[in-house]
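Chemist: Pasting entry12.tsv here (TSV, C-alpha atoms):
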chain	number	residue	atom	x	y	z
A	1	MET	CA	222.38	35.59	140.94
A	2	LYS	CA	220.04	34.10	138.46
A	3	GLU	CA	217.29	34.21	141.02
A	4	THR	CA	217.99	37.90	141.70
A	5	ASN	CA	217.93	38.80	138.02
A	6	SER	CA	214.83	36.72	137.63
A	7	GLY	CA	213.23	38.56	140.50
A	8	ARG	CA	214.14	41.94	139.06
A	9	LYS	CA	212.83	40.88	135.67
A	10	GLN	CA	209.60	39.67	137.24
A	11	TYR	CA	209.32	42.92	139.19
A	12	LYS	CA	209.85	44.98	136.03
A	13	THR	CA	207.29	42.89	134.18
A	14	GLU	CA	204.71	43.25	136.94
A	15	HIS	CA	205.50	46.94	137.35
A	16	HIS	CA	205.20	47.47	133.59
A	17	SER	CA	201.94	45.54	133.53
A	18	ARG	CA	200.54	47.62	136.39
A	19	GLY	CA	201.68	50.77	134.55
A	20	MET	CA	199.98	49.67	131.35
A	21	MET	CA	196.84	48.78	133.29
A	22	LYS	CA	196.86	52.19	134.95
A	23	SER	CA	197.30	53.90	131.58
A	24	LEU	CA	194.47	51.85	130.08
A	25	MET	CA	192.24	52.77	133.00
A	26	VAL	CA	193.04	56.46	132.50
A	27	VAL	CA	192.38	56.27	128.76
A	28	SER	CA	189.20	54.29	129.36
A	29	GLY	CA	188.13	56.90	131.88
A	30	TRP	CA	188.64	59.67	129.34
A	31	ILE	CA	186.73	57.70	126.72
A	32	LEU	CA	183.84	57.17	129.13
A	33	CYS	CA	183.91	60.87	130.04
A	34	ALA	CA	183.92	61.82	126.37
A	35	ALA	CA	181.06	59.41	125.68
A	36	ALA	CA	179.12	60.83	128.61
A	37	PHE	CA	179.83	64.34	127.36
A	38	VAL	CA	178.62	63.47	123.85
A	39	ALA	CA	175.56	61.68	125.22
A	40	GLY	CA	174.84	64.61	127.49
A	41	GLY	CA	175.32	66.99	124.60
A	42	LEU	CA	172.93	64.98	122.46
A	43	THR	CA	170.44	64.96	125.33
A	44	VAL	CA	170.66	68.74	125.68
A	45	LEU	CA	170.30	69.17	121.92
A	46	GLY	CA	167.32	66.83	121.96
A	47	ILE	CA	165.60	68.79	124.72
A	48	SER	CA	166.32	72.03	122.86
A	49	GLY	CA	164.98	70.56	119.62
A	50	LYS	CA	161.78	69.38	121.28
A	51	TYR	CA	161.27	72.84	122.79
A	52	ASN	CA	161.87	74.56	119.45
A	53	LEU	CA	159.37	72.35	117.63
A	54	LYS	CA	156.76	72.94	120.34
A	55	GLN	CA	157.33	76.69	120.07
A	56	GLN	CA	156.79	76.48	116.32
A	57	THR	CA	153.37	74.94	116.91
A	58	MET	CA	152.49	77.74	119.32
A	59	SER	CA	153.83	80.42	116.95
A	60	TYR	CA	151.81	78.94	114.11
A	61	ALA	CA	148.71	79.08	116.26
A	62	ALA	CA	149.34	82.73	117.07
A	63	SER	CA	150.18	83.93	113.56
A	64	ALA	CA	148.32	81.73	111.08
A	65	GLY	CA	145.69	80.26	113.35
A	66	MET	CA	145.68	76.61	114.30
A	67	PRO	CA	143.32	74.23	112.57
A	68	VAL	CA	140.12	74.02	114.54
A	69	ARG	CA	141.08	72.35	117.82
A	70	THR	CA	137.75	70.56	118.14
A	71	ILE	CA	135.74	69.46	115.12
A	72	THR	CA	132.15	68.34	115.32
A	73	VAL	CA	131.02	65.94	112.60
A	74	THR	CA	127.31	65.35	112.15
A	75	ALA	CA	126.47	61.92	110.74
A	76	GLY	CA	123.68	61.58	108.20
A	77	ALA	CA	120.65	59.34	108.71
A	78	GLU	CA	121.76	56.68	106.20
A	79	GLU	CA	125.20	56.47	107.76
A	80	GLU	CA	123.64	56.02	111.18
A	81	ARG	CA	121.43	53.20	109.94
A	82	GLU	CA	124.46	51.41	108.49
A	83	LYS	CA	126.40	51.77	111.73
A	84	ASP	CA	123.90	51.00	114.44
A	85	GLN	CA	120.41	51.23	112.97
A	86	MET	CA	119.92	54.68	114.51
A	87	ALA	CA	118.21	57.30	112.38
A	88	ASP	CA	119.19	60.32	114.45
A	89	GLN	CA	120.87	62.52	111.83
A	90	ASN	CA	121.82	65.07	114.47
A	91	ARG	CA	124.20	62.73	116.25
A	92	GLU	CA	127.60	64.39	116.63
A	93	TYR	CA	131.16	63.05	116.71
A	94	ARG	CA	133.85	65.28	118.20
A	95	TYR	CA	137.56	65.26	117.32
A	96	ASN	CA	140.45	67.13	118.94
A	97	TYR	CA	143.52	68.22	116.99
A	98	ASN	CA	146.64	66.37	118.16
A	99	GLU	CA	148.89	69.27	119.15
A	100	ASP	CA	151.82	66.93	119.84
A	101	ILE	CA	152.00	65.67	116.28
A	102	LEU	CA	154.98	66.80	114.16
A	103	THR	CA	154.65	67.30	110.42
A	104	PHE	CA	157.42	67.95	107.88
A	105	LEU	CA	157.31	68.62	104.15
A	106	PHE	CA	159.81	66.86	101.91
A	107	MET	CA	160.28	68.30	98.42
A	108	GLY	CA	162.13	66.70	95.53
A	109	ILE	CA	163.07	69.59	93.25
A	110	ASP	CA	163.55	69.54	89.49
A	111	GLY	CA	165.50	72.71	88.79
A	112	GLU	CA	166.32	71.99	85.16
A	113	GLY	CA	163.16	73.45	83.70
A	114	ALA	CA	160.44	75.86	84.67
A	115	ALA	CA	156.79	74.94	84.71
A	116	GLU	CA	155.11	76.18	81.57
A	117	GLY	CA	153.58	79.61	81.98
A	118	TYR	CA	154.94	80.11	85.48
A	119	ALA	CA	158.07	81.37	87.21
A	120	ASP	CA	161.51	79.80	86.85
A	121	GLY	CA	162.37	78.81	90.41
A	122	GLY	CA	161.99	75.12	89.56
A	123	ARG	CA	159.27	72.62	90.36
A	124	ALA	CA	158.51	70.49	93.39
A	125	ASP	CA	158.13	67.28	91.40
A	126	ALA	CA	157.95	65.13	94.54
A	127	LEU	CA	155.98	66.18	97.62
A	128	PHE	CA	155.63	64.15	100.81
A	129	LEU	CA	154.28	64.95	104.25
A	130	PHE	CA	156.22	63.10	106.94
A	131	VAL	CA	154.15	62.82	110.12
A	132	LEU	CA	155.38	61.75	113.58
A	133	ASN	CA	152.70	60.92	116.14
A	134	PRO	CA	154.08	60.47	119.70
A	135	HIS	CA	150.70	59.32	121.03
A	136	ASP	CA	150.77	56.00	119.18
A	137	GLU	CA	154.48	56.14	118.22
A	138	THR	CA	153.90	55.91	114.48
A	139	MET	CA	155.46	57.51	111.43
A	140	SER	CA	153.21	58.20	108.46
A	141	LEU	CA	154.12	59.22	104.93
A	142	ILE	CA	151.57	61.09	102.82
A	143	PRO	CA	152.54	61.40	99.13
A	144	ILE	CA	150.98	64.40	97.39
A	145	ASN	CA	150.32	64.19	93.67
A	146	ARG	CA	152.33	67.03	92.08
A	147	ASP	CA	149.44	67.75	89.68
A	148	THR	CA	146.95	68.34	92.51
A	149	MET	CA	144.84	71.36	91.61
A	150	THR	CA	144.72	73.89	94.43
A	151	GLU	CA	145.10	77.59	95.18
A	152	VAL	CA	148.51	78.92	94.09
A	153	ASP	CA	149.71	82.43	94.89
A	154	VAL	CA	151.29	84.29	91.96
A	155	TYR	CA	154.21	86.68	92.51
A	156	ASP	CA	156.04	88.92	90.05
A	157	ALA	CA	159.82	88.97	89.51
A	158	GLN	CA	160.24	91.42	92.40
A	159	GLY	CA	158.39	89.12	94.79
A	160	ASN	CA	155.22	91.20	94.88
A	161	TYR	CA	151.96	89.30	95.27
A	162	LYS	CA	149.74	89.59	92.18
A	163	ASN	CA	146.81	87.21	92.54
A	164	THR	CA	145.75	83.66	93.40
A	165	VAL	CA	144.94	81.09	90.73
A	166	THR	CA	143.97	77.43	90.63
A	167	ALA	CA	146.92	75.41	89.38
A	168	GLN	CA	149.07	72.35	90.01
A	169	VAL	CA	150.47	72.48	93.55
A	170	CYS	CA	154.01	71.77	92.30
A	171	VAL	CA	154.30	75.12	90.50
A	172	GLN	CA	154.00	77.13	93.72
A	173	TYR	CA	157.69	76.48	94.40
A	174	GLY	CA	158.65	78.18	91.14
A	175	PHE	CA	157.38	81.61	92.20
A	176	GLY	CA	160.15	81.88	94.79
A	177	ASP	CA	163.90	82.22	94.63
A	178	GLY	CA	164.63	78.51	94.32
A	179	GLY	CA	165.64	78.48	97.99
A	180	ARG	CA	164.01	79.35	101.30
A	181	GLU	CA	161.42	81.65	99.75
A	182	SER	CA	160.25	78.89	97.40
A	183	CYS	CA	160.06	76.43	100.29
A	184	GLU	CA	157.97	78.82	102.37
A	185	TYR	CA	155.59	79.39	99.46
A	186	GLN	CA	155.27	75.62	98.94
A	187	ILE	CA	154.61	74.96	102.63
A	188	GLU	CA	151.77	77.49	102.63
A	189	ALA	CA	150.16	75.92	99.55
A	190	VAL	CA	150.35	72.40	101.01
A	191	SER	CA	149.11	73.53	104.42
A	192	ASN	CA	146.12	75.23	102.81
A	193	LEU	CA	145.40	72.10	100.77
A	194	PHE	CA	145.29	70.15	104.06
A	195	TYR	CA	142.90	72.57	105.75
A	196	GLY	CA	145.57	74.63	107.52
A	197	ILE	CA	147.54	71.95	109.39
A	198	PRO	CA	150.83	73.26	110.86
A	199	ILE	CA	154.00	72.14	109.07
A	200	HIS	CA	156.96	72.22	111.45
A	201	GLY	CA	159.78	72.15	108.94
A	202	TYR	CA	160.87	71.35	105.41
A	203	LEU	CA	163.64	69.69	103.44
A	204	ALA	CA	163.97	70.47	99.74
A	205	VAL	CA	166.46	68.32	97.84
A	206	ASP	CA	167.49	68.52	94.20
A	207	THR	CA	166.92	65.14	92.54
A	208	GLY	CA	170.60	65.18	91.60
A	209	ALA	CA	171.41	64.42	95.26
A	210	VAL	CA	169.80	60.97	95.13
A	211	PRO	CA	173.02	59.14	94.07
A	212	ALA	CA	174.98	60.48	97.05
A	213	VAL	CA	172.29	59.41	99.53
A	214	THR	CA	171.85	55.90	98.16
A	215	GLU	CA	175.60	55.28	98.01
A	216	LEU	CA	176.05	56.48	101.59
A	217	ILE	CA	173.50	53.99	102.93
A	218	GLY	CA	174.70	51.14	100.75
A	219	GLY	CA	171.92	51.22	98.18
A	220	ILE	CA	168.27	50.18	98.22
A	221	ASP	CA	166.75	46.88	97.14
A	222	LEU	CA	163.33	46.87	95.49
A	223	ARG	CA	161.34	45.45	92.60
A	224	ALA	CA	161.10	47.83	89.63
A	225	LEU	CA	157.54	49.00	89.06
A	226	ALA	CA	158.20	49.94	85.42
A	227	ASP	CA	160.87	50.11	82.74
A	228	VAL	CA	163.26	52.96	83.54
A	229	ARG	CA	165.32	54.88	80.98
A	230	ASN	CA	168.37	57.10	81.38
A	231	GLY	CA	169.01	60.49	79.78
A	232	ASP	CA	169.78	58.84	76.43
A	233	ARG	CA	166.40	57.04	76.64
A	234	GLU	CA	168.11	53.66	77.00
A	235	VAL	CA	166.32	51.13	79.19
A	236	ILE	CA	168.48	50.54	82.27
A	237	LEU	CA	165.92	48.77	84.48
A	238	ARG	CA	163.17	46.36	83.50
A	239	GLN	CA	159.73	46.19	85.08
A	240	GLY	CA	159.47	43.37	87.61
A	241	GLU	CA	163.21	43.01	88.16
A	242	LEU	CA	164.55	42.83	91.71
A	243	VAL	CA	167.21	45.54	91.63
A	244	HIS	CA	169.83	47.04	93.91
A	245	LEU	CA	169.65	50.80	93.38
A	246	ASP	CA	172.54	53.13	94.01
A	247	GLY	CA	174.25	55.94	92.16
A	248	ASP	CA	172.77	57.12	88.87
A	249	GLN	CA	170.34	54.20	88.62
A	250	ALA	CA	168.60	55.41	91.77
A	251	CYS	CA	168.40	58.92	90.36
A	252	TRP	CA	166.78	57.77	87.12
A	253	TYR	CA	164.38	55.52	89.01
A	254	VAL	CA	162.79	58.51	90.78
A	255	ARG	CA	163.21	60.94	87.91
A	256	ASP	CA	162.43	59.23	84.60
A	257	ARG	CA	159.12	59.74	82.84
A	258	ASP	CA	157.92	60.03	79.27
A	259	SER	CA	156.66	63.61	79.13
A	260	SER	CA	154.88	62.88	75.83
A	261	ALA	CA	152.67	60.25	77.47
A	262	GLU	CA	149.47	61.23	79.24
A	263	LEU	CA	149.47	61.04	83.04
A	264	SER	CA	153.08	59.81	83.06
A	265	ALA	CA	153.77	61.75	86.27
A	266	GLY	CA	151.49	59.30	88.08
A	267	GLY	CA	153.70	56.32	87.27
A	268	ARG	CA	156.78	58.21	88.38
A	269	ALA	CA	155.02	59.21	91.60
A	270	ASP	CA	154.40	55.51	92.33
A	271	ARG	CA	158.14	54.82	91.95
A	272	GLN	CA	159.02	57.82	94.10
A	273	ARG	CA	156.65	56.62	96.82
A	274	GLN	CA	158.17	53.12	96.70
A	275	PHE	CA	161.72	54.52	96.79
A	276	VAL	CA	161.12	56.97	99.64
A	277	THR	CA	159.34	54.29	101.69
A	278	ALA	CA	162.32	51.94	101.30
A	279	LEU	CA	164.74	54.79	102.01
A	280	ILE	CA	163.00	55.78	105.25
A	281	ASP	CA	162.86	52.18	106.42
A	282	LYS	CA	166.57	51.58	105.80
A	283	VAL	CA	167.71	54.89	107.32
A	284	ARG	CA	165.54	54.22	110.38
A	285	ARG	CA	167.16	50.81	110.87
A	286	MET	CA	170.66	52.21	110.37
A	287	THR	CA	170.00	55.04	112.81
A	288	LYS	CA	169.25	52.55	115.57
A	289	GLU	CA	172.91	51.49	115.29
A	290	ASP	CA	174.37	54.94	114.61
A	291	LEU	CA	172.56	58.11	115.68
A	292	THR	CA	174.74	60.24	113.40
A	293	VAL	CA	173.39	58.70	110.17
A	294	PRO	CA	170.87	61.53	109.48
A	295	ILE	CA	173.64	64.12	109.95
A	296	LYS	CA	175.93	62.18	107.59
A	297	ILE	CA	173.17	62.07	104.99
A	298	TYR	CA	172.53	65.78	105.23
A	299	ASN	CA	176.25	66.55	104.97
A	300	SER	CA	176.40	64.50	101.78
A	301	ILE	CA	173.62	66.54	100.13
A	302	SER	CA	174.00	69.94	101.82
A	303	ASP	CA	175.11	71.66	98.61
A	304	ARG	CA	171.91	70.46	96.93
A	305	ALA	CA	169.46	70.90	99.80
A	306	VAL	CA	167.58	73.64	101.63
A	307	THR	CA	166.08	73.09	105.09
A	308	ASP	CA	164.92	75.00	108.14
A	309	ILE	CA	165.31	71.96	110.43
A	310	THR	CA	168.09	72.70	112.92
A	311	VAL	CA	170.72	70.32	114.33
A	312	ASP	CA	169.01	70.17	117.73
A	313	GLU	CA	165.68	69.39	116.08
A	314	VAL	CA	167.28	66.63	114.00
A	315	THR	CA	168.83	65.23	117.21
A	316	TYR	CA	165.44	65.12	118.90
A	317	LEU	CA	163.70	63.60	115.88
A	318	THR	CA	166.43	60.98	115.49
A	319	ALA	CA	166.11	59.99	119.15
A	320	ILE	CA	162.35	59.45	119.02
A	321	ALA	CA	161.80	58.22	115.47
A	322	GLY	CA	163.99	55.15	115.85
A	323	GLY	CA	161.42	53.50	118.09
A	324	TYR	CA	158.38	54.52	116.05
A	325	HIS	CA	156.46	52.05	113.91
A	326	PHE	CA	156.69	52.51	110.15
A	327	SER	CA	155.63	50.19	107.35
A	328	GLU	CA	153.95	50.35	103.96
A	329	SER	CA	150.60	50.44	105.75
A	330	ARG	CA	151.59	53.88	107.07
A	331	VAL	CA	152.00	55.26	103.53
A	332	ILE	CA	148.69	57.04	103.07
A	333	THR	CA	147.63	58.11	99.59
A	334	VAL	CA	145.37	61.11	99.02
A	335	PRO	CA	142.35	59.86	97.02
A	336	GLY	CA	141.27	61.64	93.87
A	337	ARG	CA	141.01	61.48	90.08
A	338	SER	CA	143.41	62.42	87.30
A	339	ILE	CA	142.59	64.25	84.09
A	340	SER	CA	144.96	64.18	81.12
A	341	GLY	CA	146.16	67.32	79.39
A	342	GLU	CA	143.81	66.66	76.46
A	343	GLU	CA	140.84	66.54	78.81
A	344	SER	CA	141.75	69.59	80.89
A	345	ARG	CA	139.88	72.71	79.91
A	346	ASP	CA	142.48	75.45	80.15
A	347	SER	CA	146.08	74.50	80.92
A	348	GLY	CA	146.55	71.56	78.57
A	349	LEU	CA	148.49	69.91	81.41
A	350	ASP	CA	147.66	66.84	83.48
A	351	GLU	CA	145.50	67.64	86.49
A	352	PHE	CA	144.63	65.79	89.70
A	353	TYR	CA	141.53	66.60	91.75
A	354	VAL	CA	141.40	65.34	95.32
A	355	ASP	CA	138.29	63.72	96.70
A	356	GLU	CA	137.50	66.42	99.27
A	357	THR	CA	135.41	64.14	101.48
A	358	ALA	CA	138.10	61.44	101.52
A	359	LEU	CA	140.82	64.05	102.14
A	360	TYR	CA	138.87	65.46	105.08
A	361	GLU	CA	138.51	61.96	106.53
A	362	LEU	CA	142.24	61.35	106.03
A	363	ILE	CA	143.06	64.54	107.93
A	364	LEU	CA	140.74	63.54	110.78
A	365	ASP	CA	142.31	60.08	110.92
A	366	VAL	CA	145.95	61.25	110.91
A	367	PHE	CA	145.93	64.64	112.63
A	368	TYR	CA	142.93	64.43	114.99
A	369	GLU	CA	141.80	62.11	117.77
A	370	PRO	CA	138.27	61.27	118.96
A	371	ALA	CA	137.32	63.48	121.88
A	372	ASP	CA	136.80	61.67	125.17
A	373	GLU	CA	133.13	61.12	125.80
A	374	LYS	CA	131.97	62.53	129.09
Just give me the structure as structure tokens.

Modeler:
Amino acid sequence: MKETNSGRKQYKTEHHSRGMMKSLMVVSGWILCAAAFVAGGLTVLGISGKYNLKQQTMSYAASAGMPVRTITVTAGAEEEREKDQMADQNREYRYNYNEDILTFLFMGIDGEGAAEGYADGGRADALFLFVLNPHDETMSLIPINRDTMTEVDVYDAQGNYKNTVTAQVCVQYGFGDGGRESCEYQIEAVSNLFYGIPIHGYLAVDTGAVPAVTELIGGIDLRALADVRNGDREVILRQGELVHLDGDQACWYVRDRDSSAELSAGGRADRQRQFVTALIDKVRRMTKEDLTVPIKIYNSISDRAVTDITVDEVTYLTAIAGGYHFSESRVITVPGRSISGEESRDSGLDEFYVDETALYELILDVFYEPADEK
């Protein structure tokens, strides 16, 4: 009798185990199917995003005109002698525009005050071009000095074009509605500054969103480039300190400047460049482990951000950017010289003038490739 009961018990145990195993296999099957569905969905979104970005390049070419596809540069006699002792000043170098490159404009917006003498849509106090090159699998970051003097289109309160003036590039944003219109105006000004390169999308974020982003990614570690003060002008970070930035400290690090000091925007721009470089590097590393990180970041700042980059485009960019090389060497500064407000002739505001020759060379280096010699 004991043996019979023992046999029944063993049978029930084995039967139960087989039932559990079967259930686990079914659940596992559904999980695998769901994972495959999600992966397939991400793949489809990625393909769609790639197609959309390519179409934008083609549309830009049709409407605004692409930058010259092939550029011929004639080297001077002295340059030739330095290079290879040749004095033929008619020697030509040919460059082709890289039509596979993707360029995005990031704008950090200060909406608390209007630029003096201009509209009240806010200011683009931080401007960065983010460049993805699939040919060499690199990411480049090009900070743009907000005081860069360039052509700015002036619009009245009804949005009617009035004229074009030379002013700081950051004020172009203010002539729009503080949203998409402002972003489109800013893109055009930056594109013109860079000799008409296509810009495939934009992200404009109010500086008040910085705390949410840094907290979501667990903060950023860096060495403070300068003393940083909060809104009460109390020093909260000391120059040279190794600090862990999150929350309000991160916000003040990229925002603080002494407006009474000459050329103070330059020091803040250095901190912004350092912060954004560290941010990109950390997000890139986190995205390798979790492809949804960029979406989570955008969701955390969506009420303070404006973008024309779609979900499928983000999916594609996330998929490719994780394997791209990015380091401080890929942060490329636009050369030029700054003039303080006291020195400027008309505006009384700080001004930055790019070195046109150096800027042209930068554009050739980043956005063009040497033509194959035949």

Chemist: Could you please determine the separation between CA of Glu369 (chain A) and CA of Glu99 (chain A) in Å, to one decimal place?

Modeler: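 These two atoms are separated by 10.2 Å.
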
Chemist: Between A:Val213, A:Arg337, A:Asp372, A:Asn98, which has the minimum distance to Pro134 (chain A) (counting only C-alpha atoms)?

Modeler: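 The answer is A:Asn98, which sits nearest to Pro134 (chain A).
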
Chemist: List the spatial neighbours of Val228 (chain A) as a compact mmCIF listing (two decimals) with C-alpha atoms, in the coordinates of the input - criterion: any atom at most 6 Å away, only C-alpha atoms, same-chain residues fewer than 3 positions off excluded.

Modeler:
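The new file out_14.txt reads:
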# COMPACT_ATOMS: atom_id res chain seq x y z
CA VAL A 235 166.32 51.13 79.19
CA ILE A 236 168.48 50.54 82.27
CA LEU A 237 165.92 48.77 84.48

Chemist: For Gly218 (chain A), list every protein, DNA or RNA residue within 12 Å, evaluated using all atoms listed in the file, and leave out those in the same chain fewer than 2 positions away; present the list as a list of chain:residue names.

Modeler: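 Contacts, in chain order: A:Pro211, A:Ala212, A:Val213, A:Thr214, A:Glu215, A:Leu216, A:Ile220, A:Asp221, A:His244, A:Leu245, A:Asp246, A:Gly247, A:Ala250, A:Leu279, A:Lys282, A:Val283, A:Met286, A:Ile297.
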
Chemist: A:Ile363, A:Ile217, A:Val254, A:Ile320: which is nearest Lys296 (chain A), counting all atoms listed in the file?

Modeler: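 Closest candidate: A:Ile217.
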
Chemist: Kindly write N, CA and C atoms of region 167-190 of chain A from the structure just given to a file, as a CSV table (one decimal), in the first residue's frame.

Modeler:
chain,number,residue,atom,x,y,z
A,167,ALA,N,24.0,90.1,-36.9
A,167,ALA,CA,23.8,90.1,-35.4
A,167,ALA,C,24.2,88.8,-34.9
A,168,GLN,N,24.2,88.6,-33.6
A,168,GLN,CA,24.5,87.4,-32.9
A,168,GLN,C,23.6,86.3,-33.4
A,169,VAL,N,24.2,85.1,-33.7
A,169,VAL,CA,23.3,84.0,-34.3
A,169,VAL,C,22.3,83.6,-33.3
A,170,CYS,N,22.5,83.7,-32.0
A,170,CYS,CA,21.5,83.2,-31.0
A,170,CYS,C,20.2,84.0,-31.0
A,171,VAL,N,20.2,85.2,-31.5
A,171,VAL,CA,19.0,86.0,-31.5
A,171,VAL,C,18.0,85.6,-32.6
A,172,GLN,N,18.4,84.8,-33.6
A,172,GLN,CA,17.5,84.4,-34.6
A,172,GLN,C,16.3,83.6,-34.1
A,173,TYR,N,16.6,82.8,-33.1
A,173,TYR,CA,15.5,82.0,-32.5
A,173,TYR,C,14.4,82.9,-32.0
A,174,GLY,N,14.7,84.1,-31.4
A,174,GLY,CA,13.7,85.0,-30.8
A,174,GLY,C,12.7,85.6,-31.7
A,175,PHE,N,13.0,85.5,-33.0
A,175,PHE,CA,12.0,86.1,-34.0
A,175,PHE,C,10.9,85.2,-34.3
A,176,GLY,N,10.9,84.0,-33.8
A,176,GLY,CA,9.8,83.0,-34.0
A,176,GLY,C,8.9,83.0,-32.8
A,177,ASP,N,8.1,81.9,-32.8
A,177,ASP,CA,7.1,81.7,-31.8
A,177,ASP,C,7.5,81.0,-30.5
A,178,GLY,N,8.8,80.8,-30.4
A,178,GLY,CA,9.3,80.1,-29.3
A,178,GLY,C,9.2,78.6,-29.4
A,179,GLY,N,8.7,78.1,-30.6
A,179,GLY,CA,8.5,76.7,-30.8
A,179,GLY,C,9.1,76.3,-32.2
A,180,ARG,N,8.3,75.6,-33.0
A,180,ARG,CA,8.8,75.1,-34.3
A,180,ARG,C,9.3,76.2,-35.2
A,181,GLU,N,8.5,77.3,-35.2
A,181,GLU,CA,8.9,78.4,-36.1
A,181,GLU,C,10.3,79.0,-35.7
A,182,SER,N,10.5,79.1,-34.4
A,182,SER,CA,11.9,79.6,-34.0
A,182,SER,C,13.0,78.6,-34.4
A,183,CYS,N,12.7,77.3,-34.2
A,183,CYS,CA,13.7,76.3,-34.5
A,183,CYS,C,14.0,76.4,-36.0
A,184,GLU,N,13.0,76.5,-36.9
A,184,GLU,CA,13.2,76.6,-38.3
A,184,GLU,C,14.0,77.8,-38.7
A,185,TYR,N,13.7,78.9,-38.0
A,185,TYR,CA,14.5,80.1,-38.3
A,185,TYR,C,16.0,79.9,-37.9
A,186,GLN,N,16.2,79.3,-36.7
A,186,GLN,CA,17.6,79.1,-36.2
A,186,GLN,C,18.3,78.1,-37.1
A,187,ILE,N,17.7,77.1,-37.6
A,187,ILE,CA,18.3,76.1,-38.5
A,187,ILE,C,18.8,76.8,-39.8
A,188,GLU,N,18.0,77.7,-40.3
A,188,GLU,CA,18.4,78.4,-41.5
A,188,GLU,C,19.6,79.3,-41.3
A,189,ALA,N,19.6,80.0,-40.2
A,189,ALA,CA,20.7,80.8,-39.9
A,189,ALA,C,22.0,80.0,-39.7
A,190,VAL,N,22.0,78.9,-39.0
A,190,VAL,CA,23.2,78.1,-38.8
A,190,VAL,C,23.6,77.4,-40.1
